[in-house]
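J.: Here's a structure for you.
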Amino acid sequence: MWTRLVAALGTDACNPAVAGCKATTSSGSPVLVLVVAAIVVVIVLSIVALAIRVRRRRRSGALPPPATAPGWYPDPSGEGASRYWNGERWTDTPGGD
């Protein structure tokens, strides 16, 4: 498999430790190189986007941990002083302290 990939990229598979072996390069397939580069970029960008999404979700405080007891907590949207958490969801409007 590695030999095929190296050959597709335009490099002869050769072990330089073997006497008389000279690795040569050819023009290769520019389309294949671009496809591989695009796949790598997409993977990296996906990982970065996922990390940003996870970080924002953790910082937003949109939902308290599942074990949080019902009660008044700081408003996660920042609209009011506090909001009531009934154990499953926030009240519709911010309210008292």
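Chains: A, B, ... in order of the structure tokens. Residues: from 1 per chain. Ligands: from 1, in order shown.
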Find the spatial neighbours of Gly95 in chain A, counting only C-alpha atoms, within a cut-off of 10 Å - ignore same-chain residues fewer than 5 positions away - and output them as number ranges by chain.

T.: A: 72, 75, 79-84

J.: Identify, on the basis of only C-alpha atoms, every residue whose closest approach to Pro70 in chain A does not exceed 7 Å; exclude the query and any residue fewer than 6 positions from it along the same chain; express the result as a list in words.

T.: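 Close residues of Pro70 in chain A: Trp85, Asn86 and Gly87 of chain A.
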
J.: Please save N, CA and C atoms of the selected residues as a short mmCIF file (atom, residue, chain, number, x, y, z; two decimals), in the first residue's frame.

T.:
data_model
loop_
_atom_site.label_atom_id
_atom_site.label_comp_id
_atom_site.auth_asym_id
_atom_site.auth_seq_id
_atom_site.Cartn_x
_atom_site.Cartn_y
_atom_site.Cartn_z
N TRP A 85 -34.19 27.71 37.82
CA TRP A 85 -33.96 26.40 37.21
C TRP A 85 -34.84 25.41 37.94
N ASN A 86 -35.79 24.78 37.22
CA ASN A 86 -36.75 23.89 37.89
C ASN A 86 -36.26 22.44 37.98
N GLY A 87 -35.03 22.22 37.64
CA GLY A 87 -34.47 20.88 37.66
C GLY A 87 -34.38 20.26 36.29
#
